[in-house]
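Novice: Just passing along the structure, written as structure tokens.
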Amino acid sequence: MIQIENVVKTYFPDNAGERKKLKNGGKDEISAVHALRGVSLKIEDGEFTAVAGPSGSGKTTLLNLTGCLDSITSGKISIDGHDISVLNYRQKNVLRQEKIGFIFQSYNLIPVLTAQENVELALILLKRYTKEEIRSMANGILREVGLDGLQYRKPGELSGGQQQRISIARALVKKPAVILADEPTANLDSHTSRTILDLMKDLNKKYGTTFVFSTHDRTVMEHCSRVIFLKDGLVEREGTGI
């Protein structure tokens, strides 16, 4: 379960993310960007959920905070019983590796590695499996996402949809508690988008893994059982589909 309680995220871009100091010792609030203004919500285990909203609404910021890729200004986020707001950098890194899978709009694959090697890397970083186990697990999940026979192709030799399938396999192979997908269909055509979303929904049902999307794509929202709409850094409303 993901529990988000009154989360605030404020950026101060004029001074490398920090508040600009004034001559009187105060802080320059004019430069502040209030990405999230007090967001609270709960996402249950196994949900297939979208966080939607226009550009600048705070949806990607919320995913980055949940995924331990950024630090909370105030508030609390718990993932699978772990309060990430009190963790240090090393502890966040461990939690991210063990509990969270990521799927990005730009795939974020390593171009010099094959599909097999990109997926294996997620398991190698855990330092818990033998070489034989890593090879077997990577092969198995690549077959599940429809890439059997393409394991030894590099990303540049594959289509956008096939590259996104590698990203899905890489996210799922370590059996995380939650997968965070940031605009996963943004670089795909409409037919490929629906195919990829159908695949993720099937995997969600099979493994019970929680999926949370950041999106403004109607197709993604149509596939989700719950949509949380953000506006100006606040939860505007919730619903099912669009």
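Every chain in the structure tokens takes a letter, A first, then B, and so on in the order presented; its residues are numbered from 1, and the ligands are numbered from 1 following the presented order.
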Please list as a list in words every residue within 8 Å of region 113-116 of chain A, counting only C-alpha atoms and excluding residues in the same chain fewer than 2 positions away.

Specialist: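 The filter keeps Ile110, Pro111, Asn118, Val119, Glu120, Arg135, Ala138, Asn139, Leu142, Leu150, Gln151, Tyr152, Arg153, Lys154, Pro155 and Ile166 of chain A.
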
Novice: Which of region 4-240 of chain A end up as strand (DSSP E) when DSSP is run on this backbone - answer as a PyMOL selection string?

Specialist: chain A and resi 4-11+33-43+48-52+74-79+82-83+100-104+178-182+210-215+226-231+234-239

Novice: Region 7-237 of chain A: which residues are helix (DSSP H, G or I) by DSSP, as a PyMOL selection string?

Specialist: chain A and resi 13-15+59-66+84-86+89-99+115-124+131-144+155-157+160-172+190-207+218-223

Novice: Pick the closest to His223 (chain A) from A:Asn88, A:Asp198, A:Leu65, A:Arg128: which is it, counting only C-alpha atoms?

Specialist: A:Asp198

Novice: Counting only C-alpha atoms, what is within 6 Å of Phe229 (chain A), bar same-chain residues fewer than 6 positions away, as an NGL selection string?

Specialist: :A and (51-53 or 235-238)

Novice: For Asp80 (chain A), find every residue with an atom within 10 Å (counting only C-alpha atoms), except residues of its own chain fewer than 2 positions away, and show them as number ranges by chain.

Specialist: A: 1-3, 44-45, 78, 82-83, 95, 99, 177-178

Novice: Considering only C-alpha atoms, state which residue in the set A:Met200, A:Leu147, A:Leu230, A:Val8 is at the smallest distance from Thr215 (chain A).

Specialist: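 Checking each candidate against Thr215 (chain A), we get A:Leu230 as the closest.
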
Novice: May I ask which of the residues A:Ala181, A:Leu41, A:Val112, A:Ala171 is the closest one to Glu157 (chain A), counting only C-alpha atoms?

Specialist: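 Under the stated criterion, the closest residue is A:Val112.
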